[in-house]
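K.L.:
For reference, this is start.pdb, and it has PDB, C-alpha atoms.
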```
ATOM      1  CA  MET A  82      29.389  10.173  10.874
ATOM      2  CA  ALA A  83      26.295   8.333   9.654
ATOM      3  CA  ARG A  84      26.680   6.226   6.588
ATOM      4  CA  LYS A  85      23.845   6.126   4.034
ATOM      5  CA  LYS A  86      23.006   2.807   2.577
ATOM      6  CA  TYR A  87      21.758   2.509  -0.946
ATOM      7  CA  GLU A  88      19.932  -0.522  -2.067
ATOM      8  CA  ALA A  89      21.372  -1.696  -5.328
ATOM      9  CA  GLU A  90      18.774  -1.493  -8.078
ATOM     10  CA  HIS A  91      18.435  -4.365 -10.494
ATOM     11  CA  GLU A  92      18.897  -3.075 -14.100
ATOM     12  CA  ASN A  93      16.173  -4.335 -16.580
ATOM     13  CA  HIS A  94      17.804  -5.289 -19.875
ATOM     14  CA  GLU A  95      14.482  -6.316 -21.596
ATOM     15  CA  ARG A  96      12.665  -2.964 -21.762
ATOM     16  CA  TRP A  97      13.232  -2.763 -25.526
ATOM     17  CA  LEU A  98      10.849  -5.658 -26.007
ATOM     18  CA  ILE A  99       7.906  -3.477 -24.997
ATOM     19  CA  SER A 100       8.665  -0.819 -27.657
ATOM     20  CA  TYR A 101       9.339  -3.496 -30.243
ATOM     21  CA  ALA A 102       6.020  -5.207 -29.486
ATOM     22  CA  ASP A 103       4.156  -1.892 -29.848
ATOM     23  CA  PHE A 104       5.881  -1.233 -33.180
ATOM     24  CA  ILE A 105       5.037  -4.695 -34.527
ATOM     25  CA  THR A 106       1.405  -4.281 -33.453
ATOM     26  CA  LEU A 107       1.084  -0.929 -35.204
ATOM     27  CA  LEU A 108       2.780  -2.257 -38.321
ATOM     28  CA  PHE A 109       0.460  -5.240 -38.403
ATOM     29  CA  ALA A 110      -2.573  -2.989 -38.021
ATOM     30  CA  PHE A 111      -1.310  -0.768 -40.864
ATOM     31  CA  PHE A 112      -0.967  -3.689 -43.278
ATOM     32  CA  VAL A 113      -4.371  -5.043 -42.288
ATOM     33  CA  VAL A 114      -5.980  -1.686 -43.111
ATOM     34  CA  MET A 115      -4.109  -1.421 -46.428
ATOM     35  CA  TYR A 116      -5.095  -4.956 -47.361
ATOM     36  CA  ALA A 117      -8.737  -4.255 -46.518
ATOM     37  CA  ILE A 118      -8.785  -1.103 -48.672
ATOM     38  CA  SER A 119      -7.083  -2.692 -51.677
ATOM     39  CA  VAL A 120      -8.959  -6.020 -51.685
ATOM     40  CA  VAL A 121     -12.412  -5.384 -50.238
ATOM     41  CA  ASN A 122     -13.060  -2.142 -52.130
ATOM     42  CA  GLU A 123     -10.446  -2.073 -54.859
ATOM     43  CA  GLY A 124     -12.550   0.078 -57.145
ATOM     44  CA  LYS A 125     -12.896   2.948 -54.713
ATOM     45  CA  TYR A 126      -9.204   2.692 -53.850
ATOM     46  CA  LYS A 127      -8.284   3.108 -57.525
ATOM     47  CA  VAL A 128     -10.614   6.073 -57.917
ATOM     48  CA  PHE A 129      -9.041   7.611 -54.827
ATOM     49  CA  SER A 130      -5.575   7.008 -56.274
ATOM     50  CA  VAL A 131      -6.549   8.682 -59.561
ATOM     51  CA  SER A 132      -7.887  11.701 -57.670
ATOM     52  CA  LEU A 133      -4.632  12.022 -55.762
ATOM     53  CA  GLY A 134      -2.713  11.723 -59.019
ATOM     54  CA  ASP A 135      -4.716  14.576 -60.541
ATOM     55  CA  ALA A 136      -4.174  16.734 -57.482
ATOM     56  CA  PHE A 137      -0.399  16.298 -57.734
ATOM     57  CA  GLY A 138      -0.184  16.686 -61.497
ATOM     58  CA  GLY A 139      -0.308  13.028 -62.518
ATOM     59  CA  LYS A 140      -3.128  13.428 -65.082
ATOM     60  CA  GLU A 141      -1.408  11.166 -67.611
ATOM     61  CA  GLN A 142      -2.061   8.126 -65.419
ATOM     62  CA  LYS A 143      -5.785   8.720 -65.260
ATOM     63  CA  THR A 144      -6.739   6.866 -68.427
ATOM     64  CA  ALA A 145      -4.804   3.736 -67.512
ATOM     65  CA  SER A 146      -6.049   3.701 -63.929
ATOM     66  CA  VAL A 147      -9.756   3.932 -64.641
ATOM     67  CA  ALA A 148      -9.674   1.441 -67.491
ATOM     68  CA  SER A 149     -10.131  -1.476 -65.083
ATOM     69  CA  SER A 150     -13.541  -3.090 -65.059
ATOM     70  CA  ASP A 151     -13.437  -3.006 -61.247
ATOM     71  CA  VAL A 152     -13.920   0.769 -61.156
ATOM     72  CA  PRO A 153     -17.548   1.530 -60.267
ATOM     73  CA  GLN A 154     -19.555   3.480 -62.828
ATOM     74  CA  LEU A 155     -20.540   7.028 -61.977
ATOM     75  CA  ILE A 156     -24.218   7.554 -61.269
ATOM     76  CA  VAL A 157     -25.559  10.469 -63.335
ATOM     77  CA  LEU A 158     -28.270  12.330 -61.478
ATOM     78  CA  PRO A 159     -31.185  13.774 -63.484
ATOM     79  CA  ASP A 160     -30.629  17.339 -64.651
ATOM     80  CA  PRO A 161     -33.486  19.490 -63.265
ATOM     81  CA  LEU A 162     -33.249  21.793 -66.293
ATOM     82  CA  THR A 163     -33.555  18.859 -68.713
ATOM     83  CA  LYS A 164     -36.500  17.510 -66.751
ATOM     84  CA  ARG A 165     -38.294  20.865 -66.878
ATOM     85  CA  ARG A 166     -37.606  21.179 -70.609
ATOM     86  CA  ALA A 167     -39.027  17.697 -71.237
ATOM     87  CA  GLU A 168     -42.130  18.548 -69.225
ATOM     88  CA  ALA A 169     -42.578  21.807 -71.173
ATOM     89  CA  MET A 170     -42.266  19.907 -74.456
ATOM     90  CA  ARG A 171     -44.878  17.401 -73.324
ATOM     91  CA  ARG A 172     -47.354  20.125 -72.332
ATOM     92  CA  GLU A 173     -46.778  22.042 -75.578
ATOM     93  CA  LYS A 174     -47.320  18.924 -77.673
ATOM     94  CA  GLU A 175     -50.561  18.148 -75.834
ATOM     95  CA  SER A 176     -51.754  21.732 -76.315
ATOM     96  CA  LEU A 177     -51.065  21.649 -80.064
ATOM     97  CA  THR A 178     -52.672  18.224 -80.420
ATOM     98  CA  LYS A 179     -55.884  19.507 -78.828
ATOM     99  CA  LEU A 180     -55.815  22.524 -81.146
ATOM    100  CA  ALA A 181     -55.295  20.272 -84.179
ATOM    101  CA  GLN A 182     -58.298  18.177 -83.157
ATOM    102  CA  LYS A 183     -60.464  21.294 -82.852
ATOM    103  CA  LEU A 184     -59.329  22.539 -86.257
ATOM    104  CA  THR A 185     -60.092  19.181 -87.861
ATOM    105  CA  SER A 186     -63.547  19.138 -86.289
ATOM    106  CA  THR A 187     -64.321  22.728 -87.305
ATOM    107  CA  LEU A 188     -63.196  22.217 -90.919
ATOM    108  CA  ALA A 189     -64.545  18.660 -91.146
ATOM    109  CA  PRO A 190     -66.637  19.161 -94.331
ATOM    110  CA  LEU A 191     -63.665  20.558 -96.257
ATOM    111  CA  VAL A 192     -61.368  17.884 -94.789
ATOM    112  CA  ARG A 193     -63.698  15.136 -96.054
ATOM    113  CA  GLU A 194     -63.737  16.718 -99.521
ATOM    114  CA  GLY A 195     -59.931  16.753 -99.584
ATOM    115  CA  LYS A 196     -59.762  20.550 -99.819
ATOM    116  CA  VAL A 197     -58.264  21.013 -96.339
ATOM    117  CA  ARG A 198     -55.543  18.977 -94.657
ATOM    118  CA  VAL A 199     -54.552  19.306 -90.975
ATOM    119  CA  THR A 200     -51.138  17.972 -89.928
ATOM    120  CA  GLN A 201     -48.881  18.230 -86.892
ATOM    121  CA  ASN A 202     -45.096  18.016 -86.561
ATOM    122  CA  SER A 203     -42.284  19.452 -84.428
ATOM    123  CA  ARG A 204     -42.780  22.861 -86.070
ATOM    124  CA  GLY A 205     -46.425  23.078 -85.020
ATOM    125  CA  VAL A 206     -49.873  22.476 -86.525
ATOM    126  CA  SER A 207     -50.419  23.205 -90.217
ATOM    127  CA  VAL A 208     -53.747  23.742 -91.976
ATOM    128  CA  GLU A 209     -53.349  23.473 -95.770
ATOM    129  CA  ILE A 210     -56.255  24.982 -97.680
ATOM    130  CA  ASN A 211     -56.607  24.439-101.409
ATOM    131  CA  ALA A 212     -56.460  27.732-103.302
ATOM    132  CA  SER A 213     -59.679  26.880-105.155
ATOM    133  CA  VAL A 214     -61.525  27.240-101.843
ATOM    134  CA  LEU A 215     -60.158  30.758-101.319
ATOM    135  CA  PHE A 216     -59.410  32.446-104.655
ATOM    136  CA  ASP A 217     -60.381  32.588-108.293
ATOM    137  CA  PRO A 218     -57.623  31.499-110.709
ATOM    138  CA  GLY A 219     -54.844  34.086-110.974
ATOM    139  CA  ASP A 220     -56.457  36.303-108.313
ATOM    140  CA  ALA A 221     -55.597  37.141-104.693
ATOM    141  CA  THR A 222     -58.993  38.444-103.568
ATOM    142  CA  LEU A 223     -60.785  36.104-101.173
ATOM    143  CA  THR A 224     -64.040  34.707-102.540
ATOM    144  CA  PRO A 225     -67.288  35.032-100.540
ATOM    145  CA  GLU A 226     -67.297  31.235-100.118
ATOM    146  CA  SER A 227     -63.947  31.331 -98.339
ATOM    147  CA  ASP A 228     -65.157  33.753 -95.685
ATOM    148  CA  GLN A 229     -66.977  31.157 -93.574
ATOM    149  CA  ALA A 230     -64.088  28.683 -93.418
ATOM    150  CA  LEU A 231     -61.435  31.287 -92.663
ATOM    151  CA  ARG A 232     -63.486  33.066 -90.016
ATOM    152  CA  ALA A 233     -64.199  29.743 -88.296
ATOM    153  CA  LEU A 234     -60.439  29.158 -88.294
ATOM    154  CA  ALA A 235     -59.862  32.675 -86.960
ATOM    155  CA  VAL A 236     -62.225  32.048 -84.020
ATOM    156  CA  LEU A 237     -59.973  29.230 -82.820
ATOM    157  CA  LEU A 238     -56.786  31.237 -83.395
ATOM    158  CA  LYS A 239     -58.080  34.391 -81.674
ATOM    159  CA  ASP A 240     -58.080  32.867 -78.190
ATOM    160  CA  ASP A 241     -54.799  31.040 -78.717
ATOM    161  CA  ALA A 242     -51.363  32.477 -77.861
ATOM    162  CA  HIS A 243     -49.188  30.842 -80.537
ATOM    163  CA  ALA A 244     -47.589  32.701 -83.420
ATOM    164  CA  VAL A 245     -49.199  32.046 -86.809
ATOM    165  CA  GLN A 246     -47.433  31.952 -90.174
ATOM    166  CA  VAL A 247     -49.499  32.101 -93.364
ATOM    167  CA  GLU A 248     -47.705  30.801 -96.475
ATOM    168  CA  GLY A 249     -48.881  31.192-100.048
ATOM    169  CA  HIS A 250     -47.994  28.549-102.689
ATOM    170  CA  THR A 251     -48.626  28.310-106.438
ATOM    171  CA  ASP A 252     -47.927  25.862-109.242
ATOM    172  CA  PRO A 253     -45.159  26.660-111.772
ATOM    173  CA  THR A 254     -47.538  27.855-114.502
ATOM    174  CA  PRO A 255     -46.219  31.327-115.425
ATOM    175  CA  ILE A 256     -48.392  34.300-114.609
ATOM    176  CA  ARG A 257     -47.823  37.858-115.810
ATOM    177  CA  ASN A 258     -50.390  40.605-115.595
ATOM    178  CA  ALA A 259     -50.724  44.157-114.297
ATOM    179  CA  LEU A 260     -51.112  42.997-110.689
ATOM    180  CA  PHE A 261     -48.744  40.032-110.468
ATOM    181  CA  PRO A 262     -45.553  39.999-112.544
ATOM    182  CA  SER A 263     -44.806  36.451-111.312
ATOM    183  CA  ASN A 264     -45.979  33.673-108.998
ATOM    184  CA  TRP A 265     -43.880  35.199-106.222
ATOM    185  CA  GLU A 266     -46.135  38.235-105.990
ATOM    186  CA  LEU A 267     -49.284  36.154-106.361
ATOM    187  CA  SER A 268     -48.348  33.779-103.518
ATOM    188  CA  ALA A 269     -47.272  36.626-101.222
ATOM    189  CA  VAL A 270     -50.430  38.684-101.780
ATOM    190  CA  ARG A 271     -52.647  35.644-101.261
ATOM    191  CA  ALA A 272     -50.963  35.009 -97.908
ATOM    192  CA  SER A 273     -51.419  38.695 -97.009
ATOM    193  CA  SER A 274     -55.131  38.520 -97.880
ATOM    194  CA  VAL A 275     -55.622  35.679 -95.384
ATOM    195  CA  VAL A 276     -53.642  37.591 -92.749
ATOM    196  CA  ARG A 277     -55.848  40.666 -93.228
ATOM    197  CA  LEU A 278     -58.982  38.570 -92.729
ATOM    198  CA  PHE A 279     -57.546  37.079 -89.523
ATOM    199  CA  ILE A 280     -56.793  40.570 -88.200
ATOM    200  CA  ASP A 281     -60.316  41.721 -89.046
ATOM    201  CA  SER A 282     -61.601  38.653 -87.140
ATOM    202  CA  GLY A 283     -59.751  39.605 -83.956
ATOM    203  CA  VAL A 284     -56.398  37.771 -84.214
ATOM    204  CA  ALA A 285     -53.591  39.945 -82.808
ATOM    205  CA  PRO A 286     -51.482  41.361 -85.691
ATOM    206  CA  GLU A 287     -48.185  40.809 -83.844
ATOM    207  CA  ARG A 288     -48.809  37.063 -83.931
ATOM    208  CA  LEU A 289     -49.176  36.930 -87.725
ATOM    209  CA  THR A 290     -46.643  36.588 -90.535
ATOM    210  CA  ALA A 291     -47.287  36.376 -94.302
ATOM    211  CA  VAL A 292     -44.838  34.512 -96.568
ATOM    212  CA  GLY A 293     -44.894  33.886-100.322
ATOM    213  CA  HIS A 294     -43.105  30.773-101.627
ATOM    214  CA  GLY A 295     -44.199  30.865-105.254
ATOM    215  CA  ALA A 296     -43.897  27.381-106.790
ATOM    216  CA  ASN A 297     -40.793  26.390-104.811
ATOM    217  CA  ILE A 298     -42.378  23.987-102.311
ATOM    218  CA  ALA A 299     -44.472  21.449-104.179
ATOM    219  CA  VAL A 300     -46.378  18.694-102.358
ATOM    220  CA  ALA A 301     -47.444  16.863-105.538
ATOM    221  CA  SER A 302     -46.186  16.344-109.057
ATOM    222  CA  ASN A 303     -46.792  19.230-111.452
ATOM    223  CA  ASP A 304     -46.999  16.852-114.414
ATOM    224  CA  MET A 305     -50.735  16.334-113.964
ATOM    225  CA  PRO A 306     -53.572  18.861-113.471
ATOM    226  CA  GLU A 307     -54.507  17.223-110.172
ATOM    227  CA  GLY A 308     -50.987  17.716-108.826
ATOM    228  CA  ARG A 309     -50.850  21.361-109.897
ATOM    229  CA  ALA A 310     -54.214  21.951-108.214
ATOM    230  CA  ARG A 311     -52.843  20.353-105.040
ATOM    231  CA  ASN A 312     -49.824  22.650-105.085
ATOM    232  CA  ARG A 313     -51.948  25.809-105.349
ATOM    233  CA  ARG A 314     -52.645  26.262-101.655
ATOM    234  CA  VAL A 315     -52.382  28.437 -98.551
ATOM    235  CA  ALA A 316     -50.809  26.907 -95.449
ATOM    236  CA  VAL A 317     -51.705  28.345 -92.043
ATOM    237  CA  THR A 318     -49.140  27.110 -89.508
ATOM    238  CA  ILE A 319     -49.652  27.525 -85.768
ATOM    239  CA  LEU A 320     -46.043  27.575 -84.605
ATOM    240  CA  SER A 321     -44.803  25.722 -81.546
ATOM    241  CA  ALA A 322     -43.982  28.006 -78.610
ATOM    242  CA  LEU A 323     -40.875  26.033 -77.646
ATOM    243  CA  PRO A 324     -37.681  28.041 -78.276
ATOM    244  CA  ASP A 325     -35.200  26.791 -80.831
ATOM    245  CA  THR A 326     -31.806  25.594 -79.602
ATOM    246  CA  THR A 327     -29.065  27.980 -80.730
ATOM    247  CA  THR A 328     -25.466  26.810 -81.160
ATOM    248  CA  ASP A 329     -22.591  29.199 -81.821
ATOM    249  CA  ILE A 330     -20.274  28.105 -84.634
ATOM    250  CA  PRO A 331     -16.629  28.654 -83.587
ATOM    251  CA  THR A 332     -14.370  30.536 -85.958
ATOM    252  CA  ARG A 333     -11.243  28.889 -87.269
TER     253      ARG A 333
END
```
What do you get writing this file as C-alpha cells?
P.N.:
Amino acid sequence: MARKKYEAEHENHERWLISYADFITLLFAFFVVMYAISVVNEGKYKVFSVSLGDAFGGKEQKTASVASSDVPQLIVLPDPLTKRRAEAMRREKESLTKLAQKLTSTLAPLVREGKVRVTQNSRGVSVEINASVLFDPGDATLTPESDQALRALAVLLKDDAHAVQVEGHTDPTPIRNALFPSNWELSAVRASSVVRLFIDSGVAPERLTAVGHGANIAVASNDMPEGRARNRRVAVTILSALPDTTTDIPTR
C-alpha cells in the first residue's frame, strides 16, 4: 500500500502585522484629513458643524458657534426685484424732472414775478399758482387773465400719463356769503374750476382730482398781508407713478 507524503508547511506567526499596518495607515490618514479640515479651513468646518447641529435639532448651539470671527461672512447677492425697483424709480424721477423743467419754462413770466412756484419732491411735481392770478377775491370763477396760463399748463399735462391732483387753499380770513358758507367750500370750488378747465383743454377726467384744504395748510405766516396773499393759492400736483409701499399692521 502506497504511502502519501505530506510536506510539512511552515506556519507564519507574523501575518497580524500586515492588518495592523493597514489599520495604522488608515488611522493616520483619517487624522491628517481631520487636521486639514479643522486648521486650514476652520471657518467652513464650523459652518458645516452648525448646519449639522440644526439638522439634528441642536439649534441652541448656533449662536455660540457662529460668533467666532473666523466664520466667513455670507455674500448677499443683489435682489433682482430691488434692482428693477431702483431702476424704475430712477426713470420716474428723470421723467418728472424733465416735466418740471418744461413747466418752469412755460410759466417763466409768472415764475419770475413770484406768482407761480414749481417744486419737485418724492410725491411728484407741484405747481403753486397764486390765487390772485386765477380768481377775484372771494370768488371761484376763473378770470380771463388766468385762461392763458392754465391752458398752457393743460397742454403739457394732456400728453402726460401721470395722475393730477388740484388743491385749493385760502387764508384764515372768514368768508360767509350765499355761495360759500366757509373757506372750505371756497377752496374746493376753486380747485374744481381748475379741473373743469383742464378737462375742457383735453386732459383725461379720470386722471384729475379736486381737493379743498381751506386755510389748513399755510406756507407763510398769516400775520402779514403778504403772507395771507401767499397762502391763497391753487396747487397742481403731478403725482409720481411709483406705487406706495403697503405694510399690514398685525393685530394684538
K.L.:
Which residues would end up in the selection if the PyMOL selection byres ((chain A and resi 209) around 9) were applied here, given that I need the answer as a PyMOL selection string?
P.N.:
chain A and resi 196-200+207-208+210-211+314-318
K.L.:
Do you have the atom CA of His294 of chain A-atom CA of His250 of chain A distance handy?
P.N.:
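Computing it gives 5.5 Å between the two atoms.
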K.L.:
I'd like the interatomic distance between atom CA of Glu175 of chain A and atom CA of Ile280 of chain A, to a tenth of an Å.
P.N.:
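Straight-line distance from atom CA of Glu175 of chain A to atom CA of Ile280 of chain A works out to 26.4 Å.
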K.L.:
Set the distance at 9 Å and use only C-alpha atoms: which residues neighbour Ala322 of chain A once local chain neighbours fewer than 6 positions away are removed? I'd like the list as a PyMOL selection string.
P.N.:
chain A and resi 173+205+242-244
K.L.:
Here's the selection I'm unsure about, the PyMOL selection byres ((chain A and resi 290) around 9); applied to the file above, which residues does it give, as a count of residues only?
P.N.:
14
K.L.:
If you measure from atom CA of Asn264 of chain A to atom CA of Gly295 of chain A, what distance in Å do you get, rounded to one decimal?
P.N.:
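Here the two named atoms are 5.0 Å from each other.
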K.L.:
Which residues come within 12 Å of Gln229 of chain A, counting all atoms listed in the file, excluding same-chain residues fewer than 5 positions away, as a list in words?
P.N.:
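Once the adjacent positions are removed, what remains is Thr187, Leu188, Leu191, Val214, Leu215, Leu223, Thr224, Leu234, Ala235, Val236, Leu278, Phe279 and Ser282 of chain A.
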K.L.:
Find, counting all atoms listed in the file, the residue in A:Ile319, A:Ala259, A:Ala212, A:Leu267 that gets nearest to Asp241 of chain A.
P.N.:
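Nearest candidate to Asp241 of chain A out of A:Ile319, A:Ala259, A:Ala212, A:Leu267: A:Ile319.
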K.L.:
Kindly complete segment 308-325 of chain A to N, CA, C and O atoms; the output should be written as a PDB file, in the frame of the given file.
P.N.:
```
ATOM      1  N   GLY A 308     -52.129  17.344-109.637  1.00  0.00           N
ATOM      2  CA  GLY A 308     -50.987  17.716-108.826  1.00  0.00           C
ATOM      3  C   GLY A 308     -50.795  19.217-108.762  1.00  0.00           C
ATOM      4  O   GLY A 308     -50.492  19.775-107.693  1.00  0.00           O
ATOM      5  N   ARG A 309     -50.985  19.907-109.904  1.00  0.00           N
ATOM      6  CA  ARG A 309     -50.850  21.361-109.897  1.00  0.00           C
ATOM      7  C   ARG A 309     -51.934  22.004-109.028  1.00  0.00           C
ATOM      8  O   ARG A 309     -51.673  22.987-108.324  1.00  0.00           O
ATOM      9  N   ALA A 310     -53.137  21.428-109.060  1.00  0.00           N
ATOM     10  CA  ALA A 310     -54.214  21.951-108.214  1.00  0.00           C
ATOM     11  C   ALA A 310     -53.886  21.752-106.735  1.00  0.00           C
ATOM     12  O   ALA A 310     -54.206  22.605-105.887  1.00  0.00           O
ATOM     13  N   ARG A 311     -53.242  20.637-106.434  1.00  0.00           N
ATOM     14  CA  ARG A 311     -52.843  20.353-105.040  1.00  0.00           C
ATOM     15  C   ARG A 311     -51.775  21.335-104.562  1.00  0.00           C
ATOM     16  O   ARG A 311     -51.763  21.741-103.397  1.00  0.00           O
ATOM     17  N   ASN A 312     -50.907  21.747-105.466  1.00  0.00           N
ATOM     18  CA  ASN A 312     -49.824  22.650-105.085  1.00  0.00           C
ATOM     19  C   ASN A 312     -50.287  24.096-104.912  1.00  0.00           C
ATOM     20  O   ASN A 312     -49.622  24.876-104.229  1.00  0.00           O
ATOM     21  N   ARG A 313     -51.399  24.457-105.533  1.00  0.00           N
ATOM     22  CA  ARG A 313     -51.948  25.809-105.349  1.00  0.00           C
ATOM     23  C   ARG A 313     -52.711  25.824-104.020  1.00  0.00           C
ATOM     24  O   ARG A 313     -53.845  25.366-103.930  1.00  0.00           O
ATOM     25  N   ARG A 314     -52.088  26.369-103.002  1.00  0.00           N
ATOM     26  CA  ARG A 314     -52.645  26.262-101.655  1.00  0.00           C
ATOM     27  C   ARG A 314     -52.166  27.411-100.784  1.00  0.00           C
ATOM     28  O   ARG A 314     -51.213  28.112-101.117  1.00  0.00           O
ATOM     29  N   VAL A 315     -52.824  27.535 -99.623  1.00  0.00           N
ATOM     30  CA  VAL A 315     -52.382  28.437 -98.551  1.00  0.00           C
ATOM     31  C   VAL A 315     -52.241  27.592 -97.299  1.00  0.00           C
ATOM     32  O   VAL A 315     -53.167  26.851 -96.932  1.00  0.00           O
ATOM     33  N   ALA A 316     -51.071  27.669 -96.675  1.00  0.00           N
ATOM     34  CA  ALA A 316     -50.809  26.907 -95.449  1.00  0.00           C
ATOM     35  C   ALA A 316     -50.795  27.852 -94.255  1.00  0.00           C
ATOM     36  O   ALA A 316     -50.032  28.822 -94.230  1.00  0.00           O
ATOM     37  N   VAL A 317     -51.654  27.571 -93.288  1.00  0.00           N
ATOM     38  CA  VAL A 317     -51.705  28.345 -92.043  1.00  0.00           C
ATOM     39  C   VAL A 317     -51.056  27.478 -90.955  1.00  0.00           C
ATOM     40  O   VAL A 317     -51.608  26.445 -90.576  1.00  0.00           O
ATOM     41  N   THR A 318     -49.892  27.904 -90.483  1.00  0.00           N
ATOM     42  CA  THR A 318     -49.140  27.110 -89.508  1.00  0.00           C
ATOM     43  C   THR A 318     -49.162  27.780 -88.143  1.00  0.00           C
ATOM     44  O   THR A 318     -48.736  28.937 -88.002  1.00  0.00           O
ATOM     45  N   ILE A 319     -49.683  27.060 -87.154  1.00  0.00           N
ATOM     46  CA  ILE A 319     -49.652  27.525 -85.768  1.00  0.00           C
ATOM     47  C   ILE A 319     -48.326  27.032 -85.181  1.00  0.00           C
ATOM     48  O   ILE A 319     -48.132  25.827 -84.985  1.00  0.00           O
ATOM     49  N   LEU A 320     -47.412  27.937 -84.950  1.00  0.00           N
ATOM     50  CA  LEU A 320     -46.043  27.575 -84.605  1.00  0.00           C
ATOM     51  C   LEU A 320     -45.909  27.172 -83.144  1.00  0.00           C
ATOM     52  O   LEU A 320     -46.523  27.774 -82.251  1.00  0.00           O
ATOM     53  N   SER A 321     -45.079  26.166 -82.906  1.00  0.00           N
ATOM     54  CA  SER A 321     -44.803  25.722 -81.546  1.00  0.00           C
ATOM     55  C   SER A 321     -44.156  26.849 -80.749  1.00  0.00           C
ATOM     56  O   SER A 321     -43.342  27.617 -81.278  1.00  0.00           O
ATOM     57  N   ALA A 322     -44.512  26.941 -79.474  1.00  0.00           N
ATOM     58  CA  ALA A 322     -43.982  28.006 -78.610  1.00  0.00           C
ATOM     59  C   ALA A 322     -42.638  27.652 -78.003  1.00  0.00           C
ATOM     60  O   ALA A 322     -42.029  28.484 -77.337  1.00  0.00           O
ATOM     61  N   LEU A 323     -42.159  26.420 -78.226  1.00  0.00           N
ATOM     62  CA  LEU A 323     -40.875  26.033 -77.646  1.00  0.00           C
ATOM     63  C   LEU A 323     -39.747  26.755 -78.374  1.00  0.00           C
ATOM     64  O   LEU A 323     -39.726  26.798 -79.607  1.00  0.00           O
ATOM     65  N   PRO A 324     -38.787  27.312 -77.626  1.00  0.00           N
ATOM     66  CA  PRO A 324     -37.681  28.041 -78.276  1.00  0.00           C
ATOM     67  C   PRO A 324     -36.749  27.096 -79.005  1.00  0.00           C
ATOM     68  O   PRO A 324     -36.540  25.952 -78.588  1.00  0.00           O
ATOM     69  N   ASP A 325     -36.190  27.573 -80.108  1.00  0.00           N
ATOM     70  CA  ASP A 325     -35.200  26.791 -80.831  1.00  0.00           C
ATOM     71  C   ASP A 325     -33.875  26.783 -80.074  1.00  0.00           C
ATOM     72  O   ASP A 325     -33.537  27.733 -79.369  1.00  0.00           O
TER      73      ASP A 325
END
```
